[in-house]
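Q: Got final_23.tsv for you, TSV, C-alpha atoms:
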```tsv
chain	number	residue	atom	x	y	z
A	1	MET	CA	169.73	107.71	78.80
A	2	GLN	CA	167.18	107.97	81.62
A	3	ARG	CA	164.48	108.90	79.09
A	4	TRP	CA	165.18	105.80	76.96
A	5	ARG	CA	165.32	103.64	80.08
A	6	ASN	CA	161.84	104.84	81.08
A	7	ILE	CA	160.48	104.08	77.61
A	8	LEU	CA	161.89	100.55	77.69
A	9	ILE	CA	160.36	99.93	81.10
A	10	LEU	CA	156.99	101.18	79.86
A	11	LEU	CA	157.15	98.91	76.81
A	12	ALA	CA	158.03	95.92	78.97
A	13	MET	CA	155.08	96.63	81.27
A	14	THR	CA	152.74	97.01	78.31
A	15	VAL	CA	153.79	93.74	76.69
A	16	SER	CA	153.55	91.93	80.01
A	17	GLY	CA	150.05	93.31	80.56
A	18	VAL	CA	148.81	92.18	77.15
A	19	VAL	CA	150.10	88.66	77.70
A	20	ALA	CA	148.48	88.45	81.12
A	21	VAL	CA	145.09	89.52	79.78
A	22	GLY	CA	145.26	87.32	76.71
A	23	THR	CA	145.92	84.16	78.71
A	24	ALA	CA	143.62	84.90	81.65
A	25	ARG	CA	141.14	82.29	80.54
A	26	HIS	CA	143.72	79.52	81.01
A	27	ALA	CA	144.70	80.56	84.51
A	28	SER	CA	141.98	78.49	86.18
A	29	ALA	CA	141.92	74.73	86.69
A	30	SER	CA	139.53	72.27	85.16
A	31	ILE	CA	136.04	71.90	86.60
A	32	PRO	CA	136.37	69.19	89.29
A	33	ILE	CA	134.84	65.78	88.64
A	34	VAL	CA	132.34	64.82	91.36
A	35	ALA	CA	130.18	61.75	91.92
A	36	ASP	CA	126.84	63.49	91.45
A	37	PRO	CA	127.27	66.67	89.36
A	38	GLN	CA	124.42	69.15	89.29
A	39	LEU	CA	123.88	72.06	86.92
A	40	VAL	CA	123.03	75.34	88.61
A	41	SER	CA	121.61	78.40	86.86
A	42	VAL	CA	123.77	81.48	87.36
A	43	ARG	CA	122.37	84.15	85.05
A	44	ARG	CA	120.90	84.85	81.63
A	45	LEU	CA	122.20	87.24	78.98
A	46	SER	CA	119.48	88.78	76.85
A	47	THR	CA	119.89	89.20	73.09
A	48	ASN	CA	116.30	90.23	72.27
A	49	PRO	CA	117.19	92.99	72.62
A	50	PHE	CA	120.63	93.46	74.10
A	51	PRO	CA	120.67	95.61	77.23
A	52	GLY	CA	122.06	99.09	76.85
A	53	PRO	CA	121.68	101.84	74.25
A	54	GLN	CA	122.10	99.61	71.17
A	55	THR	CA	119.06	97.38	70.82
A	56	THR	CA	119.72	95.40	67.65
A	57	PRO	CA	118.37	91.88	68.38
A	58	VAL	CA	119.96	88.59	67.37
A	59	GLY	CA	118.08	86.83	64.59
A	60	ASP	CA	119.19	83.35	65.67
A	61	ALA	CA	121.98	82.50	68.16
A	62	GLU	CA	124.13	79.74	66.66
A	63	GLY	CA	127.75	80.13	67.78
A	64	LEU	CA	129.78	81.49	70.70
A	65	ALA	CA	133.42	82.49	71.21
A	66	TYR	CA	135.03	84.22	74.19
A	67	ASP	CA	137.62	86.98	73.73
A	68	PRO	CA	139.69	87.12	76.95
A	69	VAL	CA	141.55	90.25	75.87
A	70	ARG	CA	138.38	92.36	75.95
A	71	HIS	CA	136.34	90.05	78.22
A	72	THR	CA	133.67	89.89	75.56
A	73	LEU	CA	131.48	87.21	74.04
A	74	TRP	CA	130.94	86.84	70.30
A	75	VAL	CA	127.59	85.53	69.04
A	76	ALA	CA	127.08	84.16	65.53
A	77	ASP	CA	123.72	84.84	63.88
A	78	ASP	CA	122.75	82.74	60.87
A	79	ALA	CA	119.37	84.40	60.34
A	80	LEU	CA	120.77	87.89	59.69
A	81	GLY	CA	124.27	86.93	58.48
A	82	GLN	CA	125.92	88.87	61.29
A	83	VAL	CA	128.10	88.43	64.35
A	84	PHE	CA	127.82	90.41	67.58
A	85	GLU	CA	130.36	91.24	70.28
A	86	ILE	CA	128.87	91.84	73.73
A	87	ASP	CA	130.31	92.63	77.15
A	88	TYR	CA	130.39	89.32	78.99
A	89	THR	CA	129.56	90.93	82.34
A	90	THR	CA	126.79	93.36	81.39
A	91	GLY	CA	125.62	91.94	78.07
A	92	HIS	CA	125.86	95.36	76.43
A	93	LEU	CA	126.44	95.32	72.69
A	94	PHE	CA	129.88	96.48	71.58
A	95	THR	CA	130.38	95.49	67.94
A	96	VAL	CA	128.26	94.33	65.02
A	97	VAL	CA	129.79	92.89	61.85
A	98	SER	CA	126.98	93.04	59.29
A	99	ALA	CA	126.33	90.94	56.22
A	100	ALA	CA	127.33	93.93	54.07
A	101	GLN	CA	130.72	94.07	55.82
A	102	PHE	CA	131.27	90.34	55.32
A	103	ALA	CA	130.59	90.76	51.62
A	104	GLN	CA	133.65	93.04	51.39
A	105	VAL	CA	136.09	90.66	53.08
A	106	PRO	CA	139.01	89.77	50.77
A	107	SER	CA	140.11	86.25	49.95
A	108	LEU	CA	143.21	84.89	51.65
A	109	THR	CA	144.49	84.11	48.17
A	110	PRO	CA	146.04	87.28	46.71
A	111	GLY	CA	143.94	88.61	43.86
A	112	GLY	CA	140.97	86.42	44.78
A	113	PRO	CA	137.41	87.78	44.72
A	114	LEU	CA	135.68	89.42	47.63
A	115	ALA	CA	133.46	87.17	49.74
A	116	GLY	CA	130.23	88.59	48.32
A	117	SER	CA	126.76	87.86	49.64
A	118	ASP	CA	126.78	84.08	49.07
A	119	ARG	CA	129.14	83.15	51.91
A	120	ILE	CA	127.39	84.38	55.02
A	121	GLY	CA	123.97	82.70	55.09
A	122	ASP	CA	124.64	80.05	57.73
A	123	ASN	CA	126.90	81.46	60.45
A	124	GLU	CA	127.40	78.76	63.05
A	125	GLY	CA	130.76	77.64	64.49
A	126	LEU	CA	132.88	80.30	66.24
A	127	ALA	CA	136.28	79.62	67.80
A	128	TYR	CA	138.93	81.87	69.38
A	129	ASP	CA	142.62	80.92	69.32
A	130	ASP	CA	144.38	82.56	72.27
A	131	GLU	CA	147.83	81.47	71.07
A	132	SER	CA	147.65	83.56	67.90
A	133	ASP	CA	144.90	85.98	69.06
A	134	VAL	CA	142.62	85.26	66.09
A	135	MET	CA	139.02	84.06	65.78
A	136	TYR	CA	137.42	81.82	63.18
A	137	LEU	CA	133.84	81.84	61.92
A	138	PHE	CA	132.39	78.98	59.89
A	139	SER	CA	129.42	79.57	57.61
A	140	GLY	CA	127.91	76.44	56.09
A	141	PRO	CA	125.82	75.67	53.02
A	142	CYS	CA	122.25	76.72	53.40
A	143	CYS	CA	118.95	77.22	51.74
A	144	SER	CA	117.70	75.88	48.41
A	145	VAL	CA	116.09	79.19	47.46
A	146	HIS	CA	119.29	81.20	47.84
A	147	PRO	CA	122.19	78.76	48.22
A	148	HIS	CA	125.21	79.81	50.26
A	149	LEU	CA	128.74	78.49	49.97
A	150	PRO	CA	130.69	76.95	52.89
A	151	THR	CA	133.27	79.47	54.08
A	152	ALA	CA	135.78	80.08	56.86
A	153	TYR	CA	136.51	83.65	58.02
A	154	ARG	CA	139.52	84.70	60.05
A	155	PHE	CA	139.27	87.67	62.44
A	156	LYS	CA	142.20	89.77	63.64
A	157	ARG	CA	142.64	93.01	65.59
A	158	LYS	CA	143.39	96.11	63.60
A	159	VAL	CA	144.52	97.94	66.75
A	160	ALA	CA	145.85	96.62	70.06
A	161	GLY	CA	142.98	96.00	72.44
A	162	GLY	CA	140.42	96.62	69.71
A	163	PRO	CA	137.72	94.24	68.52
A	164	LEU	CA	138.45	91.23	66.35
A	165	LEU	CA	137.33	91.95	62.79
A	166	PRO	CA	137.22	89.77	59.65
A	167	GLU	CA	140.41	90.19	57.60
A	168	SER	CA	140.19	87.30	55.10
A	169	TYR	CA	138.16	84.25	54.09
A	170	GLN	CA	138.77	80.77	52.70
A	171	PRO	CA	136.23	78.86	50.55
A	172	ILE	CA	135.94	75.40	52.15
A	173	VAL	CA	136.04	72.88	49.31
A	174	ASP	CA	136.33	69.68	51.36
A	175	PRO	CA	133.30	67.33	51.24
A	176	VAL	CA	133.07	67.80	55.03
A	177	HIS	CA	132.30	71.50	55.34
A	178	ASP	CA	129.26	72.11	57.55
A	179	PHE	CA	130.76	72.94	60.94
A	180	SER	CA	128.11	73.70	63.55
A	181	GLY	CA	130.61	73.35	66.39
A	182	ALA	CA	134.15	74.72	66.56
A	183	ALA	CA	136.78	75.14	69.27
A	184	VAL	CA	140.56	75.64	69.49
A	185	LEU	CA	142.98	73.68	71.67
A	186	ASN	CA	146.72	74.43	71.67
A	187	GLY	CA	146.50	76.21	68.33
A	188	THR	CA	144.57	73.39	66.61
A	189	VAL	CA	141.09	74.18	65.29
A	190	TYR	CA	138.60	71.39	65.97
A	191	VAL	CA	135.32	71.32	64.04
A	192	SER	CA	132.32	69.02	64.12
A	193	GLY	CA	130.84	67.01	61.31
A	194	SER	CA	127.70	65.12	62.32
A	195	LYS	CA	128.92	62.83	65.16
A	196	ALA	CA	132.64	63.19	64.56
A	197	LEU	CA	135.49	65.65	65.15
A	198	TYR	CA	137.86	66.96	62.50
A	199	THR	CA	140.69	69.47	62.45
A	200	TYR	CA	140.86	72.45	60.12
A	201	ASP	CA	143.94	74.36	58.97
A	202	TYR	CA	143.02	77.83	57.78
A	203	SER	CA	146.23	78.63	55.89
A	204	SER	CA	146.01	75.54	53.68
A	205	ASP	CA	142.19	75.32	53.76
A	206	THR	CA	142.51	71.65	54.74
A	207	VAL	CA	140.08	69.46	56.68
A	208	SER	CA	141.70	66.40	58.32
A	209	GLY	CA	140.12	63.43	60.00
A	210	PRO	CA	137.94	62.38	61.54
A	211	VAL	CA	140.25	62.55	64.52
A	212	ALA	CA	137.51	61.18	66.81
A	213	SER	CA	134.15	59.50	66.35
A	214	LEU	CA	131.33	60.18	68.81
A	215	PRO	CA	128.81	57.38	68.19
A	216	PHE	CA	127.41	57.66	71.70
A	217	LEU	CA	125.82	61.02	70.92
A	218	SER	CA	122.05	60.89	70.42
A	219	GLY	CA	122.17	63.79	67.95
A	220	THR	CA	124.63	65.62	65.73
A	221	VAL	CA	127.04	68.10	67.32
A	222	THR	CA	125.90	71.71	67.61
A	223	GLY	CA	128.54	73.13	69.95
A	224	LEU	CA	132.07	72.46	71.23
A	225	GLY	CA	133.91	74.04	74.16
A	226	PHE	CA	137.24	73.07	75.72
A	227	SER	CA	137.92	73.57	79.42
A	228	ALA	CA	140.57	76.05	80.54
A	229	ASP	CA	143.25	73.39	80.93
A	230	GLY	CA	142.24	71.47	77.79
A	231	LYS	CA	141.43	68.26	79.69
A	232	ASP	CA	137.68	68.37	78.95
A	233	LEU	CA	135.52	68.97	75.91
A	234	TRP	CA	131.91	69.98	76.45
A	235	VAL	CA	129.47	69.10	73.66
A	236	THR	CA	125.88	70.04	72.84
A	237	ASN	CA	123.86	68.26	70.18
A	238	THR	CA	120.60	68.39	68.27
A	239	ASN	CA	118.87	66.14	70.80
A	240	GLN	CA	119.44	68.79	73.48
A	241	ASP	CA	122.00	66.68	75.35
A	242	LEU	CA	125.03	68.06	77.15
A	243	HIS	CA	128.12	65.84	77.42
A	244	ARG	CA	131.50	66.15	79.09
A	245	LEU	CA	134.29	64.29	77.28
A	246	LYS	CA	137.77	63.43	78.48
A	247	VAL	CA	140.71	64.80	76.47
A	248	PRO	CA	142.68	63.16	74.96
A	249	GLY	CA	140.55	60.31	73.70
A	250	PHE	CA	137.24	62.19	73.58
A	251	THR	CA	135.47	59.59	75.73
A	252	LEU	CA	132.47	60.18	77.97
A	253	ILE	CA	133.12	61.04	81.62
A	254	PRO	CA	130.67	58.94	83.70
A	255	GLY	CA	127.86	60.94	85.25
A	256	TYR	CA	128.33	63.97	83.00
A	257	LEU	CA	125.40	63.58	80.64
A	258	TRP	CA	122.29	65.72	80.80
A	259	GLY	CA	119.53	64.41	78.53
A	260	SER	CA	117.72	67.74	78.44
A	261	LEU	CA	118.60	71.33	79.25
A	262	ARG	CA	114.97	72.47	79.48
A	263	PRO	CA	114.92	72.55	83.30
A	264	TRP	CA	117.48	75.37	82.99
A	265	GLY	CA	115.46	77.22	80.34
A	266	ILE	CA	117.43	76.02	77.29
A	267	ARG	CA	115.29	74.52	74.54
A	268	ASP	CA	117.79	74.36	71.68
A	269	GLY	CA	121.43	74.40	72.82
A	270	ARG	CA	123.39	75.54	69.78
A	271	ALA	CA	126.80	76.42	71.24
A	272	VAL	CA	128.80	75.98	74.45
A	273	GLU	CA	131.78	77.87	75.84
A	274	VAL	CA	133.70	77.43	79.11
A	275	ILE	CA	134.46	80.75	80.81
A	276	ASP	CA	135.81	81.06	84.36
A	277	ASP	CA	134.90	77.40	84.98
A	278	GLN	CA	131.29	78.03	84.05
A	279	LEU	CA	129.32	76.81	81.05
A	280	VAL	CA	127.90	79.39	78.64
A	281	ILE	CA	125.23	77.99	76.31
A	282	ALA	CA	123.40	79.75	73.47
A	283	ASP	CA	119.73	78.90	73.01
A	284	GLY	CA	118.71	78.89	69.35
A	285	TYR	CA	115.06	78.12	70.06
A	286	ASP	CA	112.82	79.91	67.54
A	287	GLY	CA	109.47	79.15	69.16
A	288	PHE	CA	109.26	82.32	71.25
A	289	GLY	CA	107.57	85.37	69.75
A	290	SER	CA	109.68	88.15	68.30
A	291	SER	CA	109.10	90.37	71.34
A	292	ASN	CA	109.72	87.69	73.98
A	293	PRO	CA	112.85	88.57	76.00
A	294	LEU	CA	113.68	84.86	76.36
A	295	ARG	CA	114.13	84.47	72.62
A	296	HIS	CA	117.70	83.38	71.76
A	297	SER	CA	119.02	83.98	75.26
A	298	ILE	CA	122.49	82.99	76.45
A	299	TYR	CA	122.60	81.04	79.72
A	300	VAL	CA	125.43	80.79	82.23
A	301	LEU	CA	125.51	77.61	84.34
A	302	SER	CA	127.83	76.36	87.05
A	303	LEU	CA	128.38	72.87	88.38
A	304	GLY	CA	127.99	71.69	91.93
A	305	SER	CA	127.38	68.42	93.73
A	306	GLN	CA	124.53	66.95	95.72
A	307	PRO	CA	124.92	64.93	98.94
A	308	PRO	CA	124.01	61.24	98.83
A	309	PRO	CA	120.41	60.20	99.61
A	310	PRO	CA	119.57	59.99	103.33
A	311	THR	CA	119.26	56.61	105.02
A	312	THR	CA	115.78	55.10	105.33
A	313	THR	CA	115.92	54.63	109.12
A	314	THR	CA	115.70	57.44	111.67
A	315	THR	CA	115.87	57.88	115.42
A	316	ALA	CA	112.79	59.48	116.93
A	317	VAL	CA	113.53	62.31	119.35
A	318	VAL	CA	110.72	63.72	121.51
A	319	THR	CA	110.98	66.90	123.59
A	320	THR	CA	108.76	66.98	126.69
A	321	THR	CA	107.86	69.74	129.14
A	322	THR	CA	107.20	67.53	132.20
A	323	GLN	CA	109.23	67.33	135.36
A	324	PRO	CA	112.41	65.31	135.18
A	325	THR	CA	111.64	61.62	134.88
A	326	THR	CA	113.53	58.44	134.57
A	327	THR	CA	114.95	58.12	131.07
A	328	THR	CA	114.96	54.81	129.28
A	329	THR	CA	117.09	54.39	126.23
A	330	LYS	CA	117.44	52.01	123.36
A	331	PRO	CA	120.36	51.91	120.96
A	332	PRO	CA	119.54	54.13	118.00
A	333	THR	CA	118.84	52.47	114.69
A	334	THR	CA	121.45	54.61	112.94
A	335	THR	CA	124.63	56.35	113.97
A	336	LYS	CA	123.69	59.61	112.23
A	337	PRO	CA	122.97	62.46	114.70
A	338	THR	CA	119.49	63.92	114.61
A	339	THR	CA	118.06	67.18	115.83
A	340	THR	CA	114.61	68.15	117.02
A	341	THR	CA	112.64	70.54	114.90
A	342	GLN	CA	110.14	71.56	117.64
A	343	PRO	CA	110.52	75.04	119.15
A	344	ALA	CA	112.19	75.33	122.51
A	345	THR	CA	110.06	76.17	125.57
A	346	THR	CA	110.88	78.05	128.75
A	347	GLN	CA	110.14	74.98	130.91
A	348	PRO	CA	112.88	72.53	131.84
A	349	THR	CA	113.09	69.85	129.19
A	350	THR	CA	114.55	66.41	128.90
A	351	THR	CA	115.19	64.42	125.78
A	352	THR	CA	113.83	60.88	125.82
A	353	THR	CA	114.67	58.35	123.18
A	354	THR	CA	111.51	56.30	122.75
A	355	THR	CA	111.27	52.65	122.00
A	356	ALA	CA	108.43	53.13	119.53
A	357	PRO	CA	109.06	52.87	115.79
A	358	ALA	CA	110.32	56.08	114.23
A	359	PRO	CA	107.67	58.16	112.44
A	360	THR	CA	107.85	58.41	108.69
A	361	VAL	CA	109.30	61.77	107.66
A	362	PRO	CA	108.80	62.74	104.02
A	363	THR	CA	111.99	63.84	102.30
A	364	PRO	CA	112.41	65.58	98.95
A	365	PRO	CA	113.36	63.37	96.00
A	366	VAL	CA	117.08	63.02	95.40
A	367	SER	CA	118.78	62.12	92.17
A	368	GLY	CA	119.20	58.36	92.04
A	369	ALA	CA	116.74	57.64	94.88
A	370	ALA	CA	113.79	55.28	94.49
A	371	PHE	CA	110.18	56.10	95.26
A	372	VAL	CA	108.88	53.79	97.99
A	373	GLY	CA	105.20	53.54	98.80
A	374	VAL	CA	104.28	56.36	96.43
A	375	THR	CA	101.71	55.97	93.69
A	376	PRO	CA	102.23	58.58	90.94
A	377	ALA	CA	99.04	60.22	89.79
A	378	ARG	CA	100.39	60.93	86.30
A	379	LEU	CA	103.53	60.42	84.27
A	380	MET	CA	104.63	62.88	81.60
A	381	ASP	CA	106.56	61.83	78.53
A	382	THR	CA	109.30	64.44	78.15
A	383	ARG	CA	111.34	62.85	75.42
A	384	ASP	CA	110.78	65.87	73.19
A	385	ALA	CA	109.48	68.62	75.43
A	386	PRO	CA	107.45	69.17	78.59
A	387	THR	CA	103.80	69.79	77.87
A	388	ILE	CA	103.10	72.01	80.84
A	389	ASP	CA	104.00	75.15	78.90
A	390	GLY	CA	102.01	74.13	75.84
A	391	LEU	CA	104.99	74.49	73.52
A	392	ALA	CA	105.12	70.92	72.27
A	393	GLN	CA	103.12	67.74	72.14
A	394	GLY	CA	104.82	65.24	74.38
A	395	SER	CA	102.03	63.57	76.33
A	396	GLY	CA	100.43	60.17	75.90
A	397	PRO	CA	101.16	56.56	76.78
A	398	LEU	CA	104.50	54.98	76.07
A	399	GLY	CA	104.74	51.93	73.83
A	400	GLY	CA	106.21	48.64	74.93
A	401	GLY	CA	109.94	48.80	75.53
A	402	ALA	CA	110.03	52.59	75.08
A	403	ARG	CA	112.25	54.74	77.27
A	404	ALA	CA	111.52	58.25	78.47
A	405	ARG	CA	113.30	60.89	80.51
A	406	LEU	CA	111.23	62.02	83.50
A	407	HIS	CA	112.26	65.27	85.22
A	408	VAL	CA	111.40	65.49	88.90
A	409	LEU	CA	110.82	69.15	89.76
```
Any chance you could give the structure as structure tokens?
A:
Amino acid sequence: MQRWRNILILLAMTVSGVVAVGTARHASASIPIVADPQLVSVRRLSTNPFPGPQTTPVGDAEGLAYDPVRHTLWVADDALGQVFEIDYTTGHLFTVVSAAQFAQVPSLTPGGPLAGSDRIGDNEGLAYDDESDVMYLFSGPCCSVHPHLPTAYRFKRKVAGGPLLPESYQPIVDPVHDFSGAAVLNGTVYVSGSKALYTYDYSSDTVSGPVASLPFLSGTVTGLGFSADGKDLWVTNTNQDLHRLKVPGFTLIPGYLWGSLRPWGIRDGRAVEVIDDQLVIADGYDGFGSSNPLRHSIYVLSLGSQPPPPTTTTTAVVTTTTQPTTTTTKPPTTTKPTTTTQPATTQPTTTTTTTAPAPTVPTPPVSGAAFVGVTPARLMDTRDAPTIDGLAQGSGPLGGGARARLHVL
């Protein structure tokens, strides 16, 4: 009896451990909403090549999905028809599912044909469902020379704690079938079609919707990522914008729009995931050379806040080294405390508040602040790309009524 009791205890501990790991991603709260959110670079994961002993590079990073059971990140590659599983902490490559392996995946319909080589040419949307511990990959139609058929693949584990591997596919026959972005919330698979959201049911191979229209986007959706508590949806698009939407309703949260991710090194945001309250974005930019380590990198960003701009008036404070003298004071122009920046001396000092106007102290530019008394020597049109790195043509005068995003660095 004691032996059976020990076995039952061990099984209970094992089951409890699996559940805890599988739901770890949803243990954290939503990213707080602040008045002036700021993106902060945390780190970069290299895919060209991956660090570690296996050096197979990604051909083109298009989709991301996080596996909380193994603490790994899956990357969809539409150039090579593959998907990669990497360690989220180290970036080391764990698993590669090749195009040849996808060709052997059976249909979900019993007796149906194998996937073949025509259903893996445009790997894009990836989404993990932590309720059922499965992952979905969406491959869209692509290429006039060698057309590929829109397809959904479902991944499952063959062994407990092992990698997710493709176990079946569904041919997507709905007119809406090109899903660049995909994410799962409460067991429901959300996919993107242009500037709208749909839901997809794998078992019935059914696309429903649109369940939400996103007309405020400046480009079509490339990536979707729900927050840990499901209250936010993060969206990337073809115009290199990053949005934060409120769920339910899928409406914009004021202040959470970044018109370009280039200041953080991202030139073509193709996918977004939320992991440990940080944003993970895949860069699908193809302009770097084949040996450039920045090619198709994955960037991890966090969010912080910035204090409000300082007031325009100051109180001048002068430190003297003379003998004690009579001090005359005048009420300060502001109530904010100020400190002297001059080094201390060994002589006795007194602090005298002068009656002269405060000197002008230059301060760094702050988001939302206006430039006063400054004549810019040159303005750069960064609607498409900065020109300082020579990667794109974005300079020249703006036409009447045109609008441009200017990044202050």
Q: Compile the contact shell of segment 200-209 of chain A as a ChimeraX atom specification: residues with an atom at most 8 Å away, counting all atoms listed in the file, same-chain residues fewer than 2 positions apart removed.
A: /A:152,170-174,176,188-191,197-198,211-212
Q: Enclose all atoms of segment 227-245 of chain A listed in the file in an axis-aligned box, grow every side by 8 Å, and hand back centre and edge lengths in Å to one decimal, as JSON.
A:
```
{"center_x": 131.1, "center_y": 70.2, "center_z": 74.6, "size_x": 40.4, "size_y": 27.8, "size_z": 28.7}
```
Q: Taking the point (135.5, 60.4, 75.4) as given in the file, collect each protein or nucleic acid residue that comes within 12 Å of it, counting only C-alpha atoms, and present the set as a short mmCIF file (atom, residue, chain, number, x, y, z; two decimals) with C-alpha atoms, in the coordinates of the input.
A:
```
data_model
loop_
_atom_site.label_atom_id
_atom_site.label_comp_id
_atom_site.auth_asym_id
_atom_site.auth_seq_id
_atom_site.Cartn_x
_atom_site.Cartn_y
_atom_site.Cartn_z
CA ALA A 196 132.64 63.19 64.56
CA LEU A 197 135.49 65.65 65.15
CA ALA A 212 137.51 61.18 66.81
CA SER A 213 134.15 59.50 66.35
CA LEU A 214 131.33 60.18 68.81
CA PRO A 215 128.81 57.38 68.19
CA PHE A 216 127.41 57.66 71.70
CA LEU A 217 125.82 61.02 70.92
CA LYS A 231 141.43 68.26 79.69
CA ASP A 232 137.68 68.37 78.95
CA LEU A 233 135.52 68.97 75.91
CA TRP A 234 131.91 69.98 76.45
CA VAL A 235 129.47 69.10 73.66
CA HIS A 243 128.12 65.84 77.42
CA ARG A 244 131.50 66.15 79.09
CA LEU A 245 134.29 64.29 77.28
CA LYS A 246 137.77 63.43 78.48
CA VAL A 247 140.71 64.80 76.47
CA PRO A 248 142.68 63.16 74.96
CA GLY A 249 140.55 60.31 73.70
CA PHE A 250 137.24 62.19 73.58
CA THR A 251 135.47 59.59 75.73
CA LEU A 252 132.47 60.18 77.97
CA ILE A 253 133.12 61.04 81.62
CA PRO A 254 130.67 58.94 83.70
CA TYR A 256 128.33 63.97 83.00
CA LEU A 257 125.40 63.58 80.64
#
```
Q: In Å, how far is it from atom CA of Arg70 of chain A to atom CA of Leu164 of chain A?
A: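 We find that atom CA of Arg70 of chain A and atom CA of Leu164 of chain A lie 9.7 Å from each other.
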Q: Please list as a PyMOL selection string every residue within 8 Å of Thr47 of chain A, counting only C-alpha atoms and excluding residues in the same chain fewer than 5 positions away.
A: chain A and resi 57-58+293+295-298
Q: Counting only C-alpha atoms, figure out which residue out of A:Pro53, A:Pro106, A:Glu124, A:Ala115 gets nearest to Leu80 of chain A.
A: A:Glu124
Q: Env of Leu224 of chain A: 10 Å cut, atoms = only C-alpha atoms, seq-sep filter 4 positions within chain, self excluded. Answer as JSON, numbers by chain.
A: {"A": [63, 64, 125, 126, 127, 180, 181, 182, 183, 184, 190, 191, 192, 197, 233, 234, 235, 236, 237, 243, 270, 271, 272, 273, 274]}
Q: By how many Å are atom CA of Asp77 of chain A and atom CA of Ser260 of chain A apart?
A: 23.2 Å
Q: So, with only C-alpha atoms as the atoms that count, which of A:Gly81, A:Pro147, A:Pro49, A:Pro163 lies closest to Glu62 of chain A?
A: A:Gly81
Q: Rounded to one decimal in Å, what is the spacing between atom CA of Phe102 of chain A and atom CA of Tyr136 of chain A?
A: 13.1 Å
Q: Go through A:Ser46, A:Ser302, A:Thr199, A:Ser30 one by one, measure the shortest atom-to-atom distance of each to Val280 of chain A using all atoms listed in the file, and give the residue with the smallest value.
A: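 Between A:Ser46, A:Ser302, A:Thr199, A:Ser30, the residue approaching Val280 of chain A most closely is A:Ser302.
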Q: Name all residues at most 12 Å from Thr56 of chain A (count only C-alpha atoms; drop same-chain ones fewer than 4 positions away) and give them as a list in words.
A: Ser46, Thr47, Asn48, Pro49, Phe50, Pro51, Gly52, Asp77, Leu80, Gln82, Val83, Phe84, Glu85, Ile86, His92, Leu93, Phe94, Thr95, Val96, Val97 and Ser98 of chain A
Q: Just write the chosen residues, C-alpha atoms, as a PDB file, keeping the file's coordinate frame.
A:
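Listing of selection34.pdb after writing:
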```pdb
ATOM      1  CA  SER A  46     119.480  88.780  76.850  1.00  0.00           C
ATOM      2  CA  THR A  47     119.890  89.200  73.090  1.00  0.00           C
ATOM      3  CA  ASN A  48     116.300  90.230  72.270  1.00  0.00           C
ATOM      4  CA  PRO A  49     117.190  92.990  72.620  1.00  0.00           C
ATOM      5  CA  PHE A  50     120.630  93.460  74.100  1.00  0.00           C
ATOM      6  CA  PRO A  51     120.670  95.610  77.230  1.00  0.00           C
ATOM      7  CA  GLY A  52     122.060  99.090  76.850  1.00  0.00           C
ATOM      8  CA  ASP A  77     123.720  84.840  63.880  1.00  0.00           C
ATOM      9  CA  LEU A  80     120.770  87.890  59.690  1.00  0.00           C
ATOM     10  CA  GLN A  82     125.920  88.870  61.290  1.00  0.00           C
ATOM     11  CA  VAL A  83     128.100  88.430  64.350  1.00  0.00           C
ATOM     12  CA  PHE A  84     127.820  90.410  67.580  1.00  0.00           C
ATOM     13  CA  GLU A  85     130.360  91.240  70.280  1.00  0.00           C
ATOM     14  CA  ILE A  86     128.870  91.840  73.730  1.00  0.00           C
ATOM     15  CA  HIS A  92     125.860  95.360  76.430  1.00  0.00           C
ATOM     16  CA  LEU A  93     126.440  95.320  72.690  1.00  0.00           C
ATOM     17  CA  PHE A  94     129.880  96.480  71.580  1.00  0.00           C
ATOM     18  CA  THR A  95     130.380  95.490  67.940  1.00  0.00           C
ATOM     19  CA  VAL A  96     128.260  94.330  65.020  1.00  0.00           C
ATOM     20  CA  VAL A  97     129.790  92.890  61.850  1.00  0.00           C
ATOM     21  CA  SER A  98     126.980  93.040  59.290  1.00  0.00           C
TER      22      SER A  98
END
```
Q: So, counting all atoms listed in the file, which residue among A:Phe155, A:Ser41, A:Ser132, A:Ser168 is closest to Ala103 of chain A?
A: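 Of all the options, A:Ser168 lies closest to Ala103 of chain A.
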Q: Smallest atom-to-atom distance to Cys142 of chain A: which of A:Gly59, A:Gly121, A:Gly112, A:Gly259, using all atoms listed in the file?
A: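 Under the stated criterion, the closest residue is A:Gly121.
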Q: Nearest to Gly287 of chain A among A:Asp60, A:Gly193, A:Asn239, A:Val40, with distances taken over all atoms listed in the file: which residue is it?
A: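 Closest to Gly287 of chain A, using all atoms listed in the file: A:Asp60.
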Q: Could you give me, as a PyMOL selection string, the residues within 12 Å of Lys158 of chain A, counting only C-alpha atoms and dropping anything in the same chain fewer than 5 positions from it?
A: chain A and resi 133-134+163-167
